[in-house]
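Student: This is upload-v5.txt, which holds compact mmCIF, C-alpha atoms and all ligand atoms:
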```txt
# COMPACT_ATOMS: atom_id res chain seq x y z
CA MET A 1 -0.92 -20.83 -0.05
CA ARG A 2 -0.89 -17.50 -1.87
CA ALA A 3 -2.02 -14.08 -0.70
CA LEU A 4 -3.16 -11.02 -2.62
CA ILE A 5 -2.41 -7.73 -0.87
CA VAL A 6 -4.54 -4.87 -2.21
CA VAL A 7 -2.96 -1.62 -1.10
CA ASP A 8 -4.90 1.57 -0.32
CA VAL A 9 -7.66 1.58 -2.95
CA GLN A 10 -9.30 4.44 -1.05
CA ASN A 11 -11.27 7.45 -2.31
CA ASP A 12 -8.54 9.99 -1.47
CA PHE A 13 -6.09 8.22 -3.83
CA LEU A 14 -8.64 8.09 -6.67
CA PRO A 15 -9.69 10.88 -9.08
CA GLY A 16 -11.54 13.51 -7.04
CA GLY A 17 -9.63 12.62 -3.85
CA SER A 18 -7.19 14.85 -1.98
CA LEU A 19 -4.10 12.85 -3.02
CA ALA A 20 -5.47 11.53 -6.29
CA VAL A 21 -3.22 9.26 -8.34
CA ALA A 22 -3.95 10.34 -11.94
CA GLY A 23 -5.60 7.41 -13.71
CA GLY A 24 -5.71 5.46 -10.45
CA ASP A 25 -9.26 4.28 -11.05
CA ALA A 26 -7.96 2.09 -13.89
CA VAL A 27 -6.64 -0.37 -11.28
CA ILE A 28 -10.05 -1.25 -9.85
CA ASP A 29 -11.23 -3.65 -12.59
CA PRO A 30 -7.97 -5.64 -12.75
CA ILE A 31 -7.81 -5.76 -8.95
CA ASN A 32 -11.39 -7.00 -8.75
CA ARG A 33 -10.50 -9.78 -11.20
CA LEU A 34 -7.63 -10.79 -8.93
CA ILE A 35 -9.77 -10.62 -5.78
CA LYS A 36 -12.38 -12.91 -7.37
CA ALA A 37 -9.75 -15.42 -8.53
CA PHE A 38 -7.91 -15.53 -5.21
CA SER A 39 -11.06 -15.80 -3.13
CA GLU A 40 -12.54 -18.52 -5.38
CA ALA A 41 -9.27 -20.46 -5.01
CA ARG A 42 -9.51 -19.94 -1.23
CA ASP A 43 -6.25 -18.05 -1.25
CA VAL A 44 -5.90 -15.15 1.19
CA VAL A 45 -7.06 -11.64 0.27
CA VAL A 46 -5.85 -8.66 2.31
CA CYS A 47 -6.90 -5.03 1.83
CA THR A 48 -4.80 -2.30 3.47
CA ALA A 49 -6.02 1.21 4.28
CA ASP A 50 -4.05 4.36 5.02
CA TRP A 51 -5.78 5.62 8.20
CA HIS A 52 -4.39 8.81 9.68
CA PRO A 53 -5.31 11.08 12.62
CA ALA A 54 -6.32 14.62 11.52
CA ASN A 55 -2.97 16.18 12.51
CA HIS A 56 -0.74 13.42 11.11
CA ILE A 57 3.02 14.00 10.77
CA SER A 58 2.86 13.31 6.98
CA PHE A 59 0.48 16.22 6.31
CA ALA A 60 2.11 19.51 5.19
CA ALA A 61 -0.70 21.30 7.06
CA SER A 62 0.60 19.84 10.35
CA HIS A 63 3.86 21.84 10.07
CA ALA A 64 3.96 25.66 10.07
CA GLY A 65 5.71 27.05 6.99
CA LYS A 66 5.90 23.71 5.15
CA LYS A 67 4.26 22.83 1.88
CA VAL A 68 3.20 19.69 0.03
CA GLY A 69 6.22 17.96 -1.52
CA ASP A 70 8.71 19.23 1.09
CA GLU A 71 10.86 16.70 2.90
CA LEU A 72 11.10 17.02 6.66
CA ASP A 73 13.78 15.58 8.96
CA VAL A 74 12.01 13.48 11.58
CA SER A 75 13.18 10.94 14.16
CA TYR A 76 13.01 8.05 11.68
CA GLY A 77 14.66 9.85 8.73
CA LYS A 78 13.09 11.91 5.95
CA GLN A 79 9.35 12.36 5.79
CA ARG A 80 7.81 13.58 2.52
CA LEU A 81 4.86 15.92 3.17
CA TRP A 82 1.48 15.27 1.55
CA PRO A 83 -1.91 16.96 1.39
CA VAL A 84 -4.30 15.95 4.17
CA HIS A 85 -5.55 12.49 3.14
CA CYS A 86 -7.20 9.35 4.48
CA VAL A 87 -8.25 10.86 7.79
CA ALA A 88 -9.72 8.06 9.91
CA GLY A 89 -13.45 7.63 9.45
CA THR A 90 -13.84 10.13 6.59
CA GLN A 91 -15.27 9.38 3.15
CA GLY A 92 -11.79 9.95 1.70
CA ALA A 93 -10.44 7.09 3.81
CA ALA A 94 -13.20 4.69 2.74
CA PHE A 95 -12.43 1.99 0.18
CA SER A 96 -13.72 2.77 -3.28
CA SER A 97 -17.31 1.53 -3.43
CA ALA A 98 -16.35 -0.24 -6.70
CA LEU A 99 -13.66 -2.33 -4.97
CA LEU A 100 -14.71 -5.86 -3.96
CA SER A 101 -13.33 -5.26 -0.45
CA ASP A 102 -16.17 -7.35 1.06
CA LYS A 103 -14.37 -10.42 -0.25
CA ALA A 104 -11.23 -9.65 1.79
CA ASP A 105 -10.20 -12.06 4.56
CA VAL A 106 -8.57 -9.30 6.56
CA LEU A 107 -8.31 -5.49 6.56
CA VAL A 108 -5.17 -3.78 7.78
CA ARG A 109 -5.07 -0.12 8.83
CA LYS A 110 -1.76 1.71 8.93
CA GLY A 111 -0.32 5.14 9.68
CA MET A 112 -2.60 5.44 12.69
CA ARG A 113 0.00 6.95 15.05
CA ARG A 114 0.27 10.74 14.81
CA ASP A 115 4.09 10.75 14.99
CA CYS A 116 4.87 8.05 12.47
CA ASP A 117 3.95 7.34 8.86
CA SER A 118 3.49 3.85 7.43
CA TYR A 119 3.64 3.36 3.68
CA SER A 120 4.03 -0.37 4.30
CA GLY A 121 1.19 -2.65 5.30
CA PHE A 122 3.65 -4.57 7.50
CA MET A 123 5.71 -2.03 9.39
CA GLU A 124 5.74 1.66 10.33
CA ALA A 125 8.36 4.07 8.99
CA ASP A 126 10.34 3.93 12.26
CA ARG A 127 10.78 0.21 11.45
CA LEU A 128 9.60 -0.65 14.99
CA GLY A 129 5.80 -0.64 14.96
CA LYS A 130 4.30 -3.73 13.28
CA THR A 131 0.79 -4.23 11.96
CA GLY A 132 0.79 -7.99 12.60
CA LEU A 133 0.28 -8.79 8.91
CA ALA A 134 3.40 -11.00 8.59
CA GLY A 135 2.26 -13.09 11.55
CA TYR A 136 -1.28 -13.34 10.16
CA LEU A 137 -0.04 -14.53 6.76
CA LYS A 138 2.36 -17.05 8.33
CA GLU A 139 -0.39 -18.50 10.53
CA ARG A 140 -2.57 -18.88 7.41
CA GLY A 141 0.22 -20.86 5.75
CA VAL A 142 0.98 -18.24 3.11
CA ASP A 143 4.35 -18.53 1.35
CA SER A 144 3.92 -16.21 -1.64
CA VAL A 145 2.31 -12.80 -1.99
CA ALA A 146 1.20 -10.60 -4.90
CA VAL A 147 1.00 -6.88 -4.15
CA CYS A 148 -1.11 -4.39 -6.14
CA GLY A 149 -2.96 -1.09 -5.67
CA LEU A 150 -1.98 2.54 -5.01
CA ALA A 151 0.53 3.92 -5.23
CA THR A 152 3.11 1.71 -6.97
CA ASP A 153 6.09 3.84 -5.91
CA PHE A 154 5.06 4.36 -2.27
CA CYS A 155 2.70 2.07 -0.40
CA VAL A 156 2.76 -0.80 -2.92
CA SER A 157 6.56 -0.72 -3.08
CA TRP A 158 7.14 -0.51 0.67
CA THR A 159 4.61 -3.27 1.29
CA ALA A 160 6.29 -5.51 -1.29
CA LEU A 161 9.78 -4.85 0.12
CA ASP A 162 8.63 -5.71 3.64
CA ALA A 163 6.85 -8.84 2.39
CA ALA A 164 10.09 -10.00 0.75
CA ALA A 165 12.08 -9.13 3.90
CA ALA A 166 9.62 -11.19 5.95
CA GLY A 167 10.45 -14.22 3.78
CA PHE A 168 7.50 -14.32 1.38
CA LYS A 169 8.12 -14.92 -2.32
CA THR A 170 6.86 -11.57 -3.57
CA VAL A 171 5.66 -10.11 -6.86
CA VAL A 172 4.24 -6.69 -7.79
CA VAL A 173 1.30 -6.75 -10.19
CA THR A 174 2.19 -3.81 -12.42
CA ASP A 175 -1.05 -3.53 -14.42
CA ALA A 176 -3.08 -3.60 -11.18
CA SER A 177 -1.05 -0.76 -9.64
CA HIS A 178 -0.58 2.91 -10.47
CA ALA A 179 2.23 5.30 -9.51
CA ILE A 180 2.42 8.88 -8.20
CA ASP A 181 5.96 9.20 -9.68
CA VAL A 182 7.53 12.25 -8.01
CA ALA A 183 11.27 12.97 -8.19
CA GLY A 184 12.16 9.62 -9.78
CA SER A 185 10.25 7.63 -7.18
CA LEU A 186 9.00 4.98 -9.61
CA ALA A 187 12.46 4.24 -11.05
CA ALA A 188 13.89 4.09 -7.51
CA ALA A 189 11.14 1.69 -6.45
CA ARG A 190 11.79 -0.64 -9.41
CA GLU A 191 15.50 -0.65 -8.62
CA SER A 192 14.84 -1.61 -5.02
CA TRP A 193 12.57 -4.49 -6.12
CA GLU A 194 15.34 -5.88 -8.28
CA LYS A 195 17.74 -5.91 -5.31
CA ALA A 196 15.08 -7.65 -3.19
CA ARG A 197 14.36 -10.21 -5.94
CA ILE A 198 10.81 -9.00 -6.33
CA CYS A 199 9.48 -9.74 -9.84
CA GLN A 200 6.99 -7.67 -11.80
CA VAL A 201 4.06 -9.66 -13.16
CA THR A 202 0.76 -8.93 -14.90
CA VAL A 203 -2.79 -9.85 -13.94
CA CYS A 204 -2.72 -12.30 -16.84
CA ASP A 205 0.38 -14.06 -15.43
CA LEU A 206 -1.40 -14.56 -12.10
CA LEU A 207 -4.66 -15.85 -13.57
CA LYS A 208 -2.90 -18.55 -15.63
C1 LIG B 1 0.44 6.76 0.10
C2 LIG B 1 1.44 8.83 0.16
C3 LIG B 1 0.99 9.03 1.44
C4 LIG B 1 0.14 5.53 -0.71
C5 LIG B 1 -0.02 6.94 1.38
O1 LIG B 1 -0.87 4.84 -0.42
O2 LIG B 1 0.93 5.23 -1.64
N1 LIG B 1 1.18 7.70 -0.51
N2 LIG B 1 0.27 8.07 2.05
ZN ZN B 2 -0.69 8.43 4.00
```
Please express the file's structure as structure tokens.
Tutor:
Amino acid sequence: MRALIVVDVQNDFLPGGSLAVAGGDAVIDPINRLIKAFSEARDVVVCTADWHPANHISFAASHAGKKVGDELDVSYGKQRLWPVHCVAGTQGAAFSSALLSDKADVLVRKGMRRDCDSYSGFMEADRLGKTGLAGYLKERGVDSVAVCGLATDFCVSWTALDAAAAGFKTVVVTDASHAIDVAGSLAAARESWEKARICQVTVCDLLK
């Protein structure tokens, strides 16, 4: 059984949003094609959502004297600081209305604890808190996962790395994902996929 993990296709990461990925809306059509194909084949479809409290640790505005882009030393290592985004229950945190999220089998929210970020759909940044997604996929009999969405170099990458670490054969769908690309983050992400034996594929490869 295969699973498609659609990462964070939420208004705040799309043009007009507070942490907009430039050109990010281009992923919606290819992702919708994948969602249709996986759900018609009765494979598993997961949508993740970044879902933060208003004073979240990853927001620059939560730290006096800090600005967006700064890195902060926190208990679990370095935390990059972002604009306020994906605050629980806001329109910015909602899935894009164009995304076929109604076809998802399961929705996973992450980054819900004030003191800890979670780029990954599996595990929080302290590497302790789990979302339960690995257990869900295993109980559904999933052995391979395809990860796509926003942003390639952060939440897509961390989700893919954790999927591989949890024992799933993992690919990143590059033309159904879009990067933020700050300070070499995309190149670093690609390098880490290689080490984890995560392949890059296209939508076309998956629909064959
Ligand atoms: C993300 C930065 C902060 C993402 C989430 O979805 O890639 N990036 N929070
Ligand atoms: Zn976030």
Student: Hey, can you check how far CA of Ala3 in chain A sits from CA of Val147 in chain A?
Tutor: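 According to the coordinates, CA of Ala3 in chain A and CA of Val147 in chain A are separated by 8.5 Å.
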Student: Which neighbours of Trp193 in chain A fall inside 12 Å, counting only C-alpha atoms, when residues of the same chain fewer than 5 positions from it are skipped, and could you give them as number ranges by chain?
Tutor: A: 147, 152-153, 156-165, 169-172, 186-188, 198-200
Student: For Gly111 in chain A, find every residue with an atom within 8 Å (counting only C-alpha atoms), except residues of its own chain fewer than 2 positions away, and show them as a list in words.
Tutor: Asp50, Trp51, His52, Arg109, Arg113, Arg114, Cys116, Asp117, Ser118, Tyr119 and Glu124 of chain A
Student: May I ask for the distance between CA of Cys47 in chain A and CA of Leu19 in chain A, given in Å to one decimal place?
Tutor: 18.7 Å
Student: For Ala134 in chain A, which of A:Val46, A:Ala26, A:Val173, A:Leu207 is the closest residue, counting all atoms listed in the file?
Tutor: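 Closest to Ala134 in chain A of all the choices is A:Val46.
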Student: Would you compute, for all listed atoms of ligand LIG 1 (chain B), the axis-aligned bounding box grown by 5 Å on each side, and then report its centre and edge lengths in Å rounded to one decimal, as AutoDock Vina command-line options?
Tutor:
```
--center_x 0.3 --center_y 6.9 --center_z 0.2 --size_x 12.3 --size_y 14.2 --size_z 13.7
```
Student: Which is closer to ligand LIG 1 (chain B) than all the others in A:Gly16, A:Pro30, A:Pro53, A:Pro83, using only C-alpha atoms and all ligand atoms?
Tutor: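 Looking only at the distances to ligand LIG 1 (chain B), the closest residue turns out to be A:Pro83.
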Student: Counting all atoms listed in the file, figure out which residue out of A:Val142, A:Lys67, A:Ala22, A:Asn11 gets nearest to Val87 in chain A.
Tutor: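 Ranking A:Val142, A:Lys67, A:Ala22, A:Asn11 by distance to Val87 in chain A, first place goes to A:Asn11.
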Student: Need to verify the contact set: Asp102 in chain A, 12 Å, only C-alpha atoms, exclusion of same-chain residues closer than 4 positions in sequence. Can you return it as a PDB file with C-alpha atoms, in the frame of the given file?
Tutor:
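Contents of out.pdb, freshly written:
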```pdb
ATOM      1  CA  ASN A  32     -11.390  -7.000  -8.750  1.00  0.00           C
ATOM      2  CA  ILE A  35      -9.770 -10.620  -5.780  1.00  0.00           C
ATOM      3  CA  LYS A  36     -12.380 -12.910  -7.370  1.00  0.00           C
ATOM      4  CA  SER A  39     -11.060 -15.800  -3.130  1.00  0.00           C
ATOM      5  CA  VAL A  45      -7.060 -11.640   0.270  1.00  0.00           C
ATOM      6  CA  VAL A  46      -5.850  -8.660   2.310  1.00  0.00           C
ATOM      7  CA  CYS A  47      -6.900  -5.030   1.830  1.00  0.00           C
ATOM      8  CA  PHE A  95     -12.430   1.990   0.180  1.00  0.00           C
ATOM      9  CA  SER A  96     -13.720   2.770  -3.280  1.00  0.00           C
ATOM     10  CA  SER A  97     -17.310   1.530  -3.430  1.00  0.00           C
ATOM     11  CA  ALA A  98     -16.350  -0.240  -6.700  1.00  0.00           C
ATOM     12  CA  VAL A 106      -8.570  -9.300   6.560  1.00  0.00           C
ATOM     13  CA  LEU A 107      -8.310  -5.490   6.560  1.00  0.00           C
TER      14      LEU A 107
END
```
Student: Can you work out the spacing between CA of Ser177 in chain A and CA of Gly129 in chain A in Å, to one decimal?
Tutor: 25.5 Å
Student: Between A:Asp73, A:Asp105, A:Asp115, A:Asp12, which one has atoms that come closest to ligand LIG 1 (chain B), using only C-alpha atoms and all ligand atoms?
Tutor: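 Ranking A:Asp73, A:Asp105, A:Asp115, A:Asp12 by distance to ligand LIG 1 (chain B), first place goes to A:Asp12.
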Student: For ligand LIG 1 (chain B), which residue out of A:Gly141, A:Gly121, A:Gly184, A:Gly77 is the nearest one, using all atoms listed in the file?
Tutor: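 For ligand LIG 1 (chain B), the nearest of the candidates is A:Gly121.
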Student: Between A:Leu34, A:Leu81, A:Val27, A:Leu14, which one has atoms that come closest to ligand ZN 2 (chain B), using only C-alpha atoms and all ligand atoms?
Tutor: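 Checking each candidate against ligand ZN 2 (chain B), we get A:Leu81 as the closest.
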